[in-house]
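Source file: entry.txt. Holds: compact mmCIF, N, CA and C atoms.
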# COMPACT_ATOMS: atom_id res chain seq x y z
N VAL A 28 0.85 -1.17 0.00
CA VAL A 28 0.00 0.00 0.00
C VAL A 28 0.89 1.23 0.00
N LEU A 29 0.71 2.07 -0.97
CA LEU A 29 1.42 3.35 -1.03
C LEU A 29 0.42 4.46 -0.71
N VAL A 30 0.75 5.30 0.24
CA VAL A 30 -0.16 6.33 0.73
C VAL A 30 0.29 7.69 0.23
N ILE A 31 -0.69 8.53 -0.10
CA ILE A 31 -0.41 9.91 -0.49
C ILE A 31 -0.05 10.70 0.76
N ILE A 32 0.88 11.64 0.62
CA ILE A 32 1.31 12.43 1.77
C ILE A 32 0.11 13.17 2.36
N TYR A 33 0.00 13.17 3.65
CA TYR A 33 -1.08 13.78 4.42
C TYR A 33 -2.45 13.17 4.09
N ARG A 34 -2.46 12.02 3.41
CA ARG A 34 -3.70 11.31 3.06
C ARG A 34 -4.69 12.20 2.31
N ARG A 35 -4.19 13.05 1.46
CA ARG A 35 -5.07 13.91 0.66
C ARG A 35 -5.78 13.06 -0.38
N LYS A 36 -7.01 13.37 -0.63
CA LYS A 36 -7.84 12.59 -1.54
C LYS A 36 -7.70 13.14 -2.97
N VAL A 37 -6.65 12.71 -3.65
CA VAL A 37 -6.35 13.27 -4.97
C VAL A 37 -6.34 12.22 -6.08
N ILE A 38 -6.44 10.95 -5.76
CA ILE A 38 -6.33 9.91 -6.79
C ILE A 38 -7.70 9.62 -7.39
N ASN A 39 -7.82 9.90 -8.69
CA ASN A 39 -9.00 9.52 -9.44
C ASN A 39 -8.56 8.50 -10.50
N ASP A 40 -9.45 8.13 -11.40
CA ASP A 40 -9.12 7.10 -12.39
C ASP A 40 -7.98 7.53 -13.31
N ASP A 41 -7.97 8.79 -13.73
CA ASP A 41 -6.90 9.27 -14.62
C ASP A 41 -5.54 9.24 -13.94
N ILE A 42 -5.49 9.71 -12.71
CA ILE A 42 -4.22 9.71 -11.98
C ILE A 42 -3.77 8.28 -11.69
N SER A 43 -4.71 7.41 -11.35
CA SER A 43 -4.38 6.01 -11.10
C SER A 43 -3.80 5.35 -12.35
N ASN A 44 -4.39 5.63 -13.50
CA ASN A 44 -3.87 5.08 -14.75
C ASN A 44 -2.46 5.58 -15.04
N ARG A 45 -2.20 6.84 -14.75
CA ARG A 45 -0.86 7.40 -14.96
C ARG A 45 0.15 6.77 -14.01
N LEU A 46 -0.23 6.60 -12.74
CA LEU A 46 0.66 5.95 -11.77
C LEU A 46 0.95 4.51 -12.18
N LYS A 47 -0.06 3.82 -12.70
CA LYS A 47 0.13 2.43 -13.15
C LYS A 47 1.07 2.39 -14.35
N TYR A 48 0.92 3.34 -15.27
CA TYR A 48 1.80 3.41 -16.44
C TYR A 48 3.26 3.62 -16.01
N ILE A 49 3.48 4.52 -15.06
CA ILE A 49 4.84 4.76 -14.56
C ILE A 49 5.38 3.49 -13.91
N PHE A 50 4.55 2.81 -13.13
CA PHE A 50 4.95 1.56 -12.49
C PHE A 50 5.38 0.53 -13.53
N GLU A 51 4.57 0.39 -14.60
CA GLU A 51 4.88 -0.59 -15.64
C GLU A 51 6.13 -0.23 -16.43
N CYS A 52 6.47 1.05 -16.52
CA CYS A 52 7.69 1.47 -17.20
C CYS A 52 8.94 1.14 -16.39
N ILE A 53 8.84 1.22 -15.07
CA ILE A 53 9.99 0.99 -14.21
C ILE A 53 10.19 -0.49 -13.91
N CYS A 54 9.13 -1.27 -13.93
CA CYS A 54 9.19 -2.71 -13.57
C CYS A 54 10.26 -3.52 -14.28
N PRO A 55 10.40 -3.44 -15.59
CA PRO A 55 11.39 -4.30 -16.27
C PRO A 55 12.83 -4.08 -15.81
N LYS A 56 13.15 -2.88 -15.37
CA LYS A 56 14.51 -2.59 -14.93
C LYS A 56 14.88 -3.32 -13.65
N TYR A 57 13.86 -3.71 -12.88
CA TYR A 57 14.09 -4.36 -11.59
C TYR A 57 13.56 -5.80 -11.54
N ASN A 58 13.23 -6.38 -12.69
CA ASN A 58 12.70 -7.75 -12.79
C ASN A 58 11.45 -7.94 -11.93
N ILE A 59 10.52 -7.00 -12.04
CA ILE A 59 9.28 -7.04 -11.28
C ILE A 59 8.12 -7.11 -12.26
N THR A 60 7.10 -7.90 -11.91
CA THR A 60 5.88 -7.97 -12.71
C THR A 60 4.70 -7.54 -11.85
N LEU A 61 3.78 -6.83 -12.46
CA LEU A 61 2.60 -6.33 -11.78
C LEU A 61 1.55 -7.42 -11.71
N GLY A 62 1.06 -7.72 -10.51
CA GLY A 62 0.01 -8.72 -10.33
C GLY A 62 -1.36 -8.07 -10.34
N GLU A 63 -1.58 -7.15 -9.40
CA GLU A 63 -2.86 -6.46 -9.30
C GLU A 63 -2.63 -5.00 -8.96
N TRP A 64 -3.57 -4.17 -9.37
CA TRP A 64 -3.51 -2.74 -9.12
C TRP A 64 -4.91 -2.28 -8.73
N ASN A 65 -5.03 -1.54 -7.64
CA ASN A 65 -6.30 -1.00 -7.21
C ASN A 65 -6.02 0.30 -6.47
N HIS A 66 -6.97 1.20 -6.49
CA HIS A 66 -6.76 2.48 -5.81
C HIS A 66 -8.01 2.94 -5.08
N ASP A 67 -7.78 3.82 -4.14
CA ASP A 67 -8.84 4.55 -3.46
C ASP A 67 -8.47 6.02 -3.62
N LYS A 68 -9.17 6.91 -2.98
CA LYS A 68 -8.91 8.34 -3.18
C LYS A 68 -7.60 8.81 -2.58
N ASP A 69 -7.07 8.07 -1.58
CA ASP A 69 -5.85 8.55 -0.92
C ASP A 69 -4.74 7.51 -0.83
N HIS A 70 -4.90 6.36 -1.48
CA HIS A 70 -3.83 5.35 -1.48
C HIS A 70 -3.99 4.39 -2.65
N VAL A 71 -2.93 3.64 -2.90
CA VAL A 71 -2.88 2.68 -4.00
C VAL A 71 -2.48 1.32 -3.43
N HIS A 72 -3.19 0.28 -3.86
CA HIS A 72 -2.84 -1.10 -3.50
C HIS A 72 -2.12 -1.72 -4.69
N ILE A 73 -0.93 -2.26 -4.45
CA ILE A 73 -0.14 -2.87 -5.52
C ILE A 73 0.29 -4.26 -5.08
N LEU A 74 0.02 -5.24 -5.92
CA LEU A 74 0.53 -6.58 -5.70
C LEU A 74 1.48 -6.88 -6.85
N PHE A 75 2.75 -7.11 -6.52
CA PHE A 75 3.73 -7.37 -7.58
C PHE A 75 4.61 -8.53 -7.19
N ARG A 76 5.26 -9.09 -8.21
CA ARG A 76 6.17 -10.22 -8.01
C ARG A 76 7.58 -9.80 -8.42
N GLY A 77 8.54 -10.24 -7.63
CA GLY A 77 9.92 -9.96 -7.94
C GLY A 77 10.77 -11.19 -7.68
N SER A 78 11.92 -11.25 -8.28
CA SER A 78 12.82 -12.36 -8.05
C SER A 78 13.52 -12.17 -6.70
N PRO A 79 14.10 -13.25 -6.15
CA PRO A 79 14.76 -13.13 -4.83
C PRO A 79 15.89 -12.11 -4.78
N ASN A 80 16.52 -11.85 -5.89
CA ASN A 80 17.63 -10.88 -5.88
C ASN A 80 17.17 -9.46 -6.22
N THR A 81 15.88 -9.22 -6.27
CA THR A 81 15.36 -7.89 -6.56
C THR A 81 15.54 -6.99 -5.33
N ASP A 82 16.08 -5.83 -5.55
CA ASP A 82 16.25 -4.86 -4.47
C ASP A 82 14.99 -4.00 -4.40
N ILE A 83 14.05 -4.40 -3.57
CA ILE A 83 12.73 -3.77 -3.51
C ILE A 83 12.83 -2.32 -3.03
N SER A 84 13.70 -2.04 -2.10
CA SER A 84 13.80 -0.67 -1.59
C SER A 84 14.26 0.30 -2.69
N LYS A 85 15.20 -0.13 -3.52
CA LYS A 85 15.64 0.73 -4.63
C LYS A 85 14.53 0.92 -5.65
N PHE A 86 13.77 -0.16 -5.90
CA PHE A 86 12.65 -0.06 -6.84
C PHE A 86 11.60 0.93 -6.32
N LEU A 87 11.22 0.81 -5.05
CA LEU A 87 10.21 1.71 -4.50
C LEU A 87 10.69 3.15 -4.47
N ASN A 88 11.96 3.37 -4.18
CA ASN A 88 12.51 4.73 -4.23
C ASN A 88 12.45 5.29 -5.64
N ALA A 89 12.79 4.46 -6.64
CA ALA A 89 12.74 4.91 -8.03
C ALA A 89 11.31 5.20 -8.45
N TYR A 90 10.37 4.36 -8.01
CA TYR A 90 8.97 4.58 -8.36
C TYR A 90 8.42 5.84 -7.71
N LYS A 91 8.71 6.04 -6.44
CA LYS A 91 8.23 7.23 -5.76
C LYS A 91 8.82 8.49 -6.37
N SER A 92 10.08 8.44 -6.76
CA SER A 92 10.70 9.60 -7.40
C SER A 92 10.06 9.90 -8.75
N ALA A 93 9.82 8.86 -9.53
CA ALA A 93 9.25 9.05 -10.85
C ALA A 93 7.78 9.48 -10.80
N SER A 94 7.06 9.03 -9.80
CA SER A 94 5.62 9.32 -9.75
C SER A 94 5.29 10.67 -9.09
N THR A 95 6.27 11.30 -8.47
CA THR A 95 5.98 12.61 -7.87
C THR A 95 5.95 13.65 -8.95

Produce structure tokens that represent the structure in this file.
Amino acid sequence: VLVIIYRRKVINDDISNRLKYIFECICPKYNITLGEWNHDKDHVHILFRGSPNTDISKFLNAYKSAST
């Protein structure tokens, strides 16, 4: 679950689609595949798969940087 800062209700369908697109662009660089994607107004639920040698913290930092 990724939460918007201060839990502001800013995620609509268009923003969710853009966030998903950014996620799918970054995934191949870290050997990650997207399983499920769902959103609410102030957070995003992401289910993804990665290999054992995937550095998840670096991936999440790259995703957060790209999506801001």

Residue neighbourhood A:Tyr90, 7 Å, all atoms listed in the file, exclusion window fewer than 3 positions, as a VMD selection string: chain A and resid 49 to 50 53 85 to 87 93 to 95

Dump N, CA and C atoms for the selected residues as a PDB file, keeping the file's coordinate frame?
ATOM      1  N   ILE A  49       3.480   4.520 -15.060  1.00  0.00           N
ATOM      2  CA  ILE A  49       4.840   4.760 -14.560  1.00  0.00           C
ATOM      3  C   ILE A  49       5.380   3.490 -13.910  1.00  0.00           C
ATOM      4  N   PHE A  50       4.550   2.810 -13.130  1.00  0.00           N
ATOM      5  CA  PHE A  50       4.950   1.560 -12.490  1.00  0.00           C
ATOM      6  C   PHE A  50       5.380   0.530 -13.530  1.00  0.00           C
ATOM      7  N   ILE A  53       8.840   1.220 -15.070  1.00  0.00           N
ATOM      8  CA  ILE A  53       9.990   0.990 -14.210  1.00  0.00           C
ATOM      9  C   ILE A  53      10.190  -0.490 -13.910  1.00  0.00           C
ATOM     10  N   LYS A  85      15.200  -0.130  -3.520  1.00  0.00           N
ATOM     11  CA  LYS A  85      15.640   0.730  -4.630  1.00  0.00           C
ATOM     12  C   LYS A  85      14.530   0.920  -5.650  1.00  0.00           C
ATOM     13  N   PHE A  86      13.770  -0.160  -5.900  1.00  0.00           N
ATOM     14  CA  PHE A  86      12.650  -0.060  -6.840  1.00  0.00           C
ATOM     15  C   PHE A  86      11.600   0.930  -6.320  1.00  0.00           C
ATOM     16  N   LEU A  87      11.220   0.810  -5.050  1.00  0.00           N
ATOM     17  CA  LEU A  87      10.210   1.710  -4.500  1.00  0.00           C
ATOM     18  C   LEU A  87      10.690   3.150  -4.470  1.00  0.00           C
ATOM     19  N   ALA A  93       9.820   8.860  -9.530  1.00  0.00           N
ATOM     20  CA  ALA A  93       9.250   9.050 -10.850  1.00  0.00           C
ATOM     21  C   ALA A  93       7.780   9.480 -10.800  1.00  0.00           C
ATOM     22  N   SER A  94       7.060   9.030  -9.800  1.00  0.00           N
ATOM     23  CA  SER A  94       5.620   9.320  -9.750  1.00  0.00           C
ATOM     24  C   SER A  94       5.290  10.670  -9.090  1.00  0.00           C
ATOM     25  N   THR A  95       6.270  11.300  -8.470  1.00  0.00           N
ATOM     26  CA  THR A  95       5.980  12.610  -7.870  1.00  0.00           C
ATOM     27  C   THR A  95       5.950  13.650  -8.950  1.00  0.00           C
TER      28      THR A  95
END

Who sits within 7 Å of A:Ile59, all atoms listed in the file, same chain under 2 positions skipped, as an NGL selection string: :A and (53-57 or 61 or 75-78)

Contacts of A:Asn39 at 6.5 Å (only N, CA and C atoms; same-chain gap of 4+ positions) as a ChimeraX atom specification: /A:43-44,67-68

Quick one: distance from atom N of A:His66 to atom N of A:Thr81 in Å, one decimal? 25.1 Å

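Comparing A:Lys47, A:Val30, A:Asp40, A:Ile83 by their smallest distance to A:Trp64, the closest is A:Lys47 (using all atoms listed in the file).
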
Based on the backbone DSSP call, show me all residues of stretch 29-76 of chain A assigned helix (DSSP H, G or I), as a count of residues only. 21

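Compared by their closest atoms to A:Asp82, and using all atoms listed in the file, the residues A:Asp69, A:Arg45, A:Asn58, A:Lys36 rank with A:Asn58 nearest.
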
Considering only C-alpha atoms, state which residue in the set A:Glu63, A:Asn80, A:Asp41, A:Ile73 is at the smallest distance from A:Leu29. A:Ile73

Can you check which residues of chain A DSSP gives as strand (DSSP E or B) on the backbone and send them as a PDB file with N, CA and C atoms, in the coordinates of the input?
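The resulting result.pdb:
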ATOM      1  N   LEU A  29       0.710   2.070  -0.970  1.00  0.00           N
ATOM      2  CA  LEU A  29       1.420   3.350  -1.030  1.00  0.00           C
ATOM      3  C   LEU A  29       0.420   4.460  -0.710  1.00  0.00           C
ATOM      4  N   VAL A  30       0.750   5.300   0.240  1.00  0.00           N
ATOM      5  CA  VAL A  30      -0.160   6.330   0.730  1.00  0.00           C
ATOM      6  C   VAL A  30       0.290   7.690   0.230  1.00  0.00           C
ATOM      7  N   ILE A  59      10.520  -7.000 -12.040  1.00  0.00           N
ATOM      8  CA  ILE A  59       9.280  -7.040 -11.280  1.00  0.00           C
ATOM      9  C   ILE A  59       8.120  -7.110 -12.260  1.00  0.00           C
ATOM     10  N   THR A  60       7.100  -7.900 -11.910  1.00  0.00           N
ATOM     11  CA  THR A  60       5.880  -7.970 -12.710  1.00  0.00           C
ATOM     12  C   THR A  60       4.700  -7.540 -11.850  1.00  0.00           C
ATOM     13  N   LEU A  61       3.780  -6.830 -12.460  1.00  0.00           N
ATOM     14  CA  LEU A  61       2.600  -6.330 -11.780  1.00  0.00           C
ATOM     15  C   LEU A  61       1.550  -7.420 -11.710  1.00  0.00           C
ATOM     16  N   GLY A  62       1.060  -7.720 -10.510  1.00  0.00           N
ATOM     17  CA  GLY A  62       0.010  -8.720 -10.330  1.00  0.00           C
ATOM     18  C   GLY A  62      -1.360  -8.070 -10.340  1.00  0.00           C
ATOM     19  N   GLU A  63      -1.580  -7.150  -9.400  1.00  0.00           N
ATOM     20  CA  GLU A  63      -2.860  -6.460  -9.300  1.00  0.00           C
ATOM     21  C   GLU A  63      -2.630  -5.000  -8.960  1.00  0.00           C
ATOM     22  N   TRP A  64      -3.570  -4.170  -9.370  1.00  0.00           N
ATOM     23  CA  TRP A  64      -3.510  -2.740  -9.120  1.00  0.00           C
ATOM     24  C   TRP A  64      -4.910  -2.280  -8.730  1.00  0.00           C
ATOM     25  N   ASN A  65      -5.030  -1.540  -7.640  1.00  0.00           N
ATOM     26  CA  ASN A  65      -6.300  -1.000  -7.210  1.00  0.00           C
ATOM     27  C   ASN A  65      -6.020   0.300  -6.470  1.00  0.00           C
ATOM     28  N   HIS A  66      -6.970   1.200  -6.490  1.00  0.00           N
ATOM     29  CA  HIS A  66      -6.760   2.480  -5.810  1.00  0.00           C
ATOM     30  C   HIS A  66      -8.010   2.940  -5.080  1.00  0.00           C
ATOM     31  N   HIS A  70      -4.900   6.360  -1.480  1.00  0.00           N
ATOM     32  CA  HIS A  70      -3.830   5.350  -1.480  1.00  0.00           C
ATOM     33  C   HIS A  70      -3.990   4.390  -2.650  1.00  0.00           C
ATOM     34  N   VAL A  71      -2.930   3.640  -2.900  1.00  0.00           N
ATOM     35  CA  VAL A  71      -2.880   2.680  -4.000  1.00  0.00           C
ATOM     36  C   VAL A  71      -2.480   1.320  -3.430  1.00  0.00           C
ATOM     37  N   HIS A  72      -3.190   0.280  -3.860  1.00  0.00           N
ATOM     38  CA  HIS A  72      -2.840  -1.100  -3.500  1.00  0.00           C
ATOM     39  C   HIS A  72      -2.120  -1.720  -4.690  1.00  0.00           C
ATOM     40  N   ILE A  73      -0.930  -2.260  -4.450  1.00  0.00           N
ATOM     41  CA  ILE A  73      -0.140  -2.870  -5.520  1.00  0.00           C
ATOM     42  C   ILE A  73       0.290  -4.260  -5.080  1.00  0.00           C
ATOM     43  N   LEU A  74       0.020  -5.240  -5.920  1.00  0.00           N
ATOM     44  CA  LEU A  74       0.530  -6.580  -5.700  1.00  0.00           C
ATOM     45  C   LEU A  74       1.480  -6.880  -6.850  1.00  0.00           C
ATOM     46  N   PHE A  75       2.750  -7.110  -6.520  1.00  0.00           N
ATOM     47  CA  PHE A  75       3.730  -7.370  -7.580  1.00  0.00           C
ATOM     48  C   PHE A  75       4.610  -8.530  -7.190  1.00  0.00           C
ATOM     49  N   ARG A  76       5.260  -9.090  -8.210  1.00  0.00           N
ATOM     50  CA  ARG A  76       6.170 -10.220  -8.010  1.00  0.00           C
ATOM     51  C   ARG A  76       7.580  -9.800  -8.420  1.00  0.00           C
ATOM     52  N   GLY A  77       8.540 -10.240  -7.630  1.00  0.00           N
ATOM     53  CA  GLY A  77       9.920  -9.960  -7.940  1.00  0.00           C
ATOM     54  C   GLY A  77      10.770 -11.190  -7.680  1.00  0.00           C
TER      55      GLY A  77
END

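Across A:Cys52, A:His70, A:Thr60, A:Ser92, the tightest approach to A:Arg34 is made by A:His70 when counting only N, CA and C atoms.
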
Using the structure just given, write a file holding C-alpha atoms for chain A, as an mmCIF file, in the first residue's frame.
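Dumped everything to result-v3.cif:
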data_model
loop_
_atom_site.group_PDB
_atom_site.id
_atom_site.type_symbol
_atom_site.label_atom_id
_atom_site.label_comp_id
_atom_site.auth_asym_id
_atom_site.auth_seq_id
_atom_site.Cartn_x
_atom_site.Cartn_y
_atom_site.Cartn_z
ATOM 1 C CA VAL A 28 0.000 0.000 0.000
ATOM 2 C CA LEU A 29 1.420 3.354 -1.030
ATOM 3 C CA VAL A 30 -0.156 6.326 0.728
ATOM 4 C CA ILE A 31 -0.415 9.909 -0.492
ATOM 5 C CA ILE A 32 1.310 12.431 1.767
ATOM 6 C CA TYR A 33 -1.082 13.778 4.415
ATOM 7 C CA ARG A 34 -3.701 11.311 3.064
ATOM 8 C CA ARG A 35 -5.068 13.913 0.655
ATOM 9 C CA LYS A 36 -7.842 12.590 -1.540
ATOM 10 C CA VAL A 37 -6.351 13.268 -4.973
ATOM 11 C CA ILE A 38 -6.325 9.913 -6.791
ATOM 12 C CA ASN A 39 -9.003 9.517 -9.444
ATOM 13 C CA ASP A 40 -9.120 7.105 -12.390
ATOM 14 C CA ASP A 41 -6.904 9.273 -14.619
ATOM 15 C CA ILE A 42 -4.218 9.707 -11.975
ATOM 16 C CA SER A 43 -4.376 6.011 -11.099
ATOM 17 C CA ASN A 44 -3.866 5.076 -14.752
ATOM 18 C CA ARG A 45 -0.855 7.403 -14.962
ATOM 19 C CA LEU A 46 0.658 5.947 -11.771
ATOM 20 C CA LYS A 47 0.125 2.434 -13.151
ATOM 21 C CA TYR A 48 1.804 3.409 -16.437
ATOM 22 C CA ILE A 49 4.839 4.759 -14.557
ATOM 23 C CA PHE A 50 4.954 1.557 -12.489
ATOM 24 C CA GLU A 51 4.881 -0.592 -15.644
ATOM 25 C CA CYS A 52 7.691 1.473 -17.205
ATOM 26 C CA ILE A 53 9.990 0.989 -14.211
ATOM 27 C CA CYS A 54 9.186 -2.709 -13.565
ATOM 28 C CA PRO A 55 11.390 -4.298 -16.270
ATOM 29 C CA LYS A 56 14.515 -2.586 -14.934
ATOM 30 C CA TYR A 57 14.085 -4.358 -11.586
ATOM 31 C CA ASN A 58 12.697 -7.750 -12.789
ATOM 32 C CA ILE A 59 9.276 -7.042 -11.277
ATOM 33 C CA THR A 60 5.881 -7.971 -12.711
ATOM 34 C CA LEU A 61 2.602 -6.334 -11.778
ATOM 35 C CA GLY A 62 0.010 -8.717 -10.331
ATOM 36 C CA GLU A 63 -2.859 -6.459 -9.299
ATOM 37 C CA TRP A 64 -3.512 -2.736 -9.118
ATOM 38 C CA ASN A 65 -6.301 -0.997 -7.211
ATOM 39 C CA HIS A 66 -6.755 2.481 -5.808
ATOM 40 C CA ASP A 67 -8.844 4.545 -3.461
ATOM 41 C CA LYS A 68 -8.907 8.336 -3.176
ATOM 42 C CA ASP A 69 -5.854 8.546 -0.921
ATOM 43 C CA HIS A 70 -3.831 5.353 -1.481
ATOM 44 C CA VAL A 71 -2.879 2.679 -3.997
ATOM 45 C CA HIS A 72 -2.835 -1.096 -3.502
ATOM 46 C CA ILE A 73 -0.144 -2.868 -5.522
ATOM 47 C CA LEU A 74 0.527 -6.583 -5.698
ATOM 48 C CA PHE A 75 3.727 -7.368 -7.575
ATOM 49 C CA ARG A 76 6.171 -10.219 -8.007
ATOM 50 C CA GLY A 77 9.922 -9.962 -7.943
ATOM 51 C CA SER A 78 12.825 -12.364 -8.050
ATOM 52 C CA PRO A 79 14.756 -13.134 -4.834
ATOM 53 C CA ASN A 80 17.629 -10.883 -5.878
ATOM 54 C CA THR A 81 15.356 -7.891 -6.555
ATOM 55 C CA ASP A 82 16.247 -4.860 -4.469
ATOM 56 C CA ILE A 83 12.733 -3.766 -3.513
ATOM 57 C CA SER A 84 13.795 -0.667 -1.590
ATOM 58 C CA LYS A 85 15.644 0.725 -4.633
ATOM 59 C CA PHE A 86 12.648 -0.061 -6.839
ATOM 60 C CA LEU A 87 10.209 1.708 -4.498
ATOM 61 C CA ASN A 88 12.506 4.730 -4.234
ATOM 62 C CA ALA A 89 12.740 4.906 -8.032
ATOM 63 C CA TYR A 90 8.971 4.578 -8.359
ATOM 64 C CA LYS A 91 8.230 7.230 -5.757
ATOM 65 C CA SER A 92 10.703 9.603 -7.396
ATOM 66 C CA ALA A 93 9.248 9.048 -10.854
ATOM 67 C CA SER A 94 5.625 9.323 -9.748
ATOM 68 C CA THR A 95 5.976 12.607 -7.869
#
